[in-house]
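Trainee: First the structure, which I've put down as structure tokens, then a few questions once you've had a look.
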Amino acid sequence: MAVLQIWKDGHCTPLSFEAPAPLWELLERAGAYARRPCGGRGLCGKCAVTVTGAVSRRNAAETAAGTRLACQAEILGDAQVFLPAPAQEQIQTDTGKIPLGRPMEGRIGAAVDIGTTTVVLRRYDLTTGQLLGQAAMVDPQIATAADVMGRIDVAVHGKLDALSAQIREAVTALLLQAGGPADTAVITGNTTMLYLLTGRDPSPLAKAPFEADTLFDTLWEGAYLPPCLHAFVGADITCAVLDSGMCERAETALLCDLGTNGELALWKDGTLFVTSTAAGPAFEGAGISCGCSSIAGAIDRVWVEDGALRIHTIGEQPPVGLCGSGLIDAVAALLQTERLDETGALEDGDVVLAPGVCLQQKDIRAVQLAKAAIAAGIAVLLETSHTDCAEIGTFYLAGGFGSRMDASNGARIGLFPGELTDKICVLGNGALAGAARMLLDRESVSSARDIASRSRHVTLSGSRSFQEHYMEQLLFPEP
Ligand code: FES
């Protein structure tokens with residue numbers, strides 16, 4: 001028996017089957033896909049997917065579409081399929097948010113954010129600025145390696161072309177899902193993702209002195225790739241900073257994108273101090289014993305009521321795991337009820353949050369490592385820029401996790417200084433919004449270049465100050 005891993009909405013469902021089998025049949029059997037507008041004749045492109053592993057060669061319809069089609073591909077053995085999903089909620093939320101200026105050339109344009117875990121695309125009418133469609137999918141490279149360093153390692157060992165093809169296919173599949181092709185695009189992402197997209201050898205990113213041999217700000221196959229700020233502070237941060245508008249104001253401000261790689265930017269007196277710190281995947285629900293991404297049934301809220309822990313799940317579904325925001329809440333609740341001390345020791349062993357979902361001592365340790373990395377990074381940026389925390393006027397939180405997190409609990413566990421809680425401004429996917437701004441107004445490209453020219457990278461590795469703050473921040477703060 002072969003196994004097909006079906007990735008959808010950040011969740012993976014394995015399906016055992018007798019190979020070979022048509023992909024469409026397998027997806028139907030798993031109840032994973034329902035749309036087949038052209039009746040499965042390979043004409044509409046609406047079943048565009050990304051497939052890795054043992055799969056048939058592209059047929060004529062797939063070659064014409066420029067992507068794999070679920071109605072055409074055949075699975076020959078163990079494989080992974082990544083299903084895009086239209087992100088309708090966000091379309092409604094974001095419609096009209098980006099002002100139309102002097103757009104890039106063409107009638108239809110796409111803004112794309114290639115994240116390490118998720119790829120998101122918006123398709124715009126460049127004559128009106130109207131958002132035409134949006135789609136998202138798990139980054140298919142995740143089947144090869146979960147984090148940036150793992151992917152660099154795989155790429156330098158002969159798989160660069162394969163990783164590059166996967167991400168290009170994913171973008172094509174998302175375009176079709178969002179309504180069709182585009183004349184032009186702005187594609188953002190962290191530095192490694194842009195290296196892999198463009199098929200560039202990423203080995204300079206993996207060895208001392210860890211410097212990129214390009215920071216992009218270039219055209220590539222009809223798409224504009226905005227400037228990265230450093231090997232580990234990517235164009236996604238340039239775009240998020242652009243979207244926040246923080247560099248256009250005199251106010252001192254801090255921006256934090258909480259992901260596997262925590263990226264930080266502090267704006268003060270005309271200089272943008274930037275750095276990145278390896279937080280690990282805990283806040284994305286990975287590497288935690290019952291962790292999961294923000295899927296239906298994920299415990300996303302935990303609080304104390306009458307001395308007992310209460311939970312909420314996404315979509316009010318039966319609990320299936322604990323996602324990042326629930327994890328932070330749970331740790332804060334355990335500190336509140338004194339079942340967890342400031343050293344991170346659980347007083348009474350594992351904590352059962354729901355049937356089959358528990359929090360173990362090793363999970364608490366993972367949270368301590370992650371939050372210490374972010375908090376120490378913030379401390380070093382404040383120190384380097386000679387900034388007192390009280391001077392920060394706005395604290396921007398970028399990324400999906402930042403929008404879902406309960407800020408007071410983030411401060412309670414020591415992820416960032418408590419005095420920043422009242423200054424939080426949630427950006428959401430600032431990277432994608434920044435890319436869309438450039439697409440809809442070319443003036444924003446100049447702003448992005450200005451941001452890059454004003455940035456100053458602060459190195460944390462080998463920094464004694466970072467090490468000292470990191471050790472201190474491993475403890476949870478006193479109440
Ligand atoms: S269903 Fe139309 S191309 Fe596959």
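Ordered as shown in the structure tokens, chains take letters A, B, and onward, while each chain numbers its residues from 1 and ligands are numbered from 1 in the order shown.
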Tell me, counting only C-alpha atoms and all ligand atoms, for each residue of chain A within 9 Å of ligand 1, which pair of atoms is nearest and how far apart they are in Å to one decimal, in rows ordered by chain and increasing number, as a Markdown table.

Mentor:
| residue | atom | partner | partner_atom_place_in_ligand_line | distance |
| --- | --- | --- | --- | --- |
| A:Trp24 | CA | ligand 1 | 4 (Fe) | 8.7 |
| A:Arg35 | CA | ligand 1 | 1 (S) | 6.8 |
| A:Arg36 | CA | ligand 1 | 1 (S) | 3.8 |
| A:Pro37 | CA | ligand 1 | 1 (S) | 5.4 |
| A:Cys38 | CA | ligand 1 | 2 (Fe) | 4.3 |
| A:Gly39 | CA | ligand 1 | 1 (S) | 5.6 |
| A:Gly40 | CA | ligand 1 | 1 (S) | 3.9 |
| A:Arg41 | CA | ligand 1 | 2 (Fe) | 5.7 |
| A:Gly42 | CA | ligand 1 | 3 (S) | 3.4 |
| A:Leu43 | CA | ligand 1 | 3 (S) | 4.5 |
| A:Cys44 | CA | ligand 1 | 2 (Fe) | 4.0 |
| A:Gly45 | CA | ligand 1 | 3 (S) | 3.9 |
| A:Lys46 | CA | ligand 1 | 2 (Fe) | 5.2 |
| A:Cys47 | CA | ligand 1 | 4 (Fe) | 4.5 |
| A:Ala48 | CA | ligand 1 | 4 (Fe) | 6.9 |
| A:Ala61 | CA | ligand 1 | 3 (S) | 7.9 |
| A:Glu62 | CA | ligand 1 | 3 (S) | 8.3 |
| A:Ala65 | CA | ligand 1 | 3 (S) | 8.3 |
| A:Leu69 | CA | ligand 1 | 4 (Fe) | 5.4 |
| A:Ala70 | CA | ligand 1 | 4 (Fe) | 5.9 |
| A:Cys71 | CA | ligand 1 | 4 (Fe) | 4.4 |
| A:Gln72 | CA | ligand 1 | 4 (Fe) | 6.7 |

Trainee: Residues of region 317-476 of chain A classed as strand (DSSP E or B) by DSSP on the backbone are to be reported as a PyMOL selection string.

Mentor: chain A and resi 321-322+340+346+351-354+357-359+394-398+424-428+455-457

Trainee: Please build the interface table for region 54-146 of chain A against region 390-411 of chain A with a cut-off of 12 Å, listing for each qualifying residue the nearest atom pair and the distance in Å to one decimal; count only C-alpha atoms, order rows by chain and increasing number, and write it as JSON lines.

Mentor:
{"residue": "A:Gln90", "atom": "CA", "partner": "A:Gly400", "partner_atom": "CA", "distance": 11.7}
{"residue": "A:Asp113", "atom": "CA", "partner": "A:Gly399", "partner_atom": "CA", "distance": 11.0}
{"residue": "A:Gly115", "atom": "CA", "partner": "A:Gly399", "partner_atom": "CA", "distance": 9.9}
{"residue": "A:Thr116", "atom": "CA", "partner": "A:Gly399", "partner_atom": "CA", "distance": 11.9}
{"residue": "A:Thr117", "atom": "CA", "partner": "A:Gly400", "partner_atom": "CA", "distance": 11.2}
{"residue": "A:Thr118", "atom": "CA", "partner": "A:Gly400", "partner_atom": "CA", "distance": 10.2}
{"residue": "A:Val120", "atom": "CA", "partner": "A:Gly400", "partner_atom": "CA", "distance": 11.6}

Trainee: Find, counting only C-alpha atoms, the residue in A:Thr13, A:Asn261, A:Thr67, A:Thr387 that gets nearest to Thr275 (chain A).

Mentor: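 Counting only C-alpha atoms, the residue closest to Thr275 (chain A) is A:Asn261.
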
Trainee: Neighbouring residues of region 463-465 of chain A were defined as those with any atom within 12 Å, considering only C-alpha atoms; residues of the same chain fewer than 6 positions away were excluded. Please report them as JSON, numbers by chain.

Mentor: {"A": [277, 376, 377, 378, 379, 380, 381, 382, 383, 384, 471, 472]}

Trainee: I'd like the contact shell of region 353-360 of chain A - 9 Å cut-off, only C-alpha atoms, skipping same-chain residues fewer than 6 positions apart - returned as a list in words.

Mentor: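 Once the nearby chain positions are removed, what remains is Ile288, Ser289, Cys290, Gly291, Ile299, Val302, Leu309, Arg310, Ile311, Pro319, Val320, Gly321, Leu322, Leu327, Ala330 and Leu346 of chain A.
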
Trainee: Keeping only C-alpha atoms, write the selected residues to a file as a PDB file, in the first residue's frame.

Mentor:
ATOM      1  CA  ILE A 288       4.685  20.599  20.910  1.00  0.00           C
ATOM      2  CA  SER A 289       3.372  17.191  22.011  1.00  0.00           C
ATOM      3  CA  CYS A 290      -0.271  18.024  21.192  1.00  0.00           C
ATOM      4  CA  GLY A 291       0.491  21.042  19.000  1.00  0.00           C
ATOM      5  CA  ILE A 299      -7.595  25.050  21.173  1.00  0.00           C
ATOM      6  CA  VAL A 302      -7.355  29.008  27.482  1.00  0.00           C
ATOM      7  CA  LEU A 309      -8.821  25.910  33.145  1.00  0.00           C
ATOM      8  CA  ARG A 310     -11.404  26.591  30.415  1.00  0.00           C
ATOM      9  CA  ILE A 311     -10.816  26.211  26.686  1.00  0.00           C
ATOM     10  CA  PRO A 319     -10.552  19.665  20.482  1.00  0.00           C
ATOM     11  CA  VAL A 320      -7.835  18.175  18.264  1.00  0.00           C
ATOM     12  CA  GLY A 321      -4.719  19.964  19.543  1.00  0.00           C
ATOM     13  CA  LEU A 322      -3.223  23.193  20.795  1.00  0.00           C
ATOM     14  CA  LEU A 327      -0.268  27.567  24.018  1.00  0.00           C
ATOM     15  CA  ALA A 330      -2.281  27.912  28.662  1.00  0.00           C
ATOM     16  CA  LEU A 346       5.113  21.997  36.294  1.00  0.00           C
TER      17      LEU A 346
END

Trainee: Applying 12 Å and only C-alpha atoms, which residues near Ala21 (chain A) remain after dropping the ones on its own chain fewer than 4 positions away? List them as a PyMOL selection string.

Mentor: chain A and resi 1-4+15-17+25-29+54-56+70-79

Trainee: When distances are computed from only C-alpha atoms, which of A:Leu439, A:Ala135, A:Val351, A:Cys228 shows the smallest separation from Leu176 (chain A)?

Mentor: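 Of the candidates, the smallest distance to Leu176 (chain A) is held by A:Ala135.
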
Trainee: Measuring between only C-alpha atoms, which one of A:Leu225, A:Ala431, A:Ala85, A:Cys247 shows the shortest distance to Thr184 (chain A)?

Mentor: A:Leu225
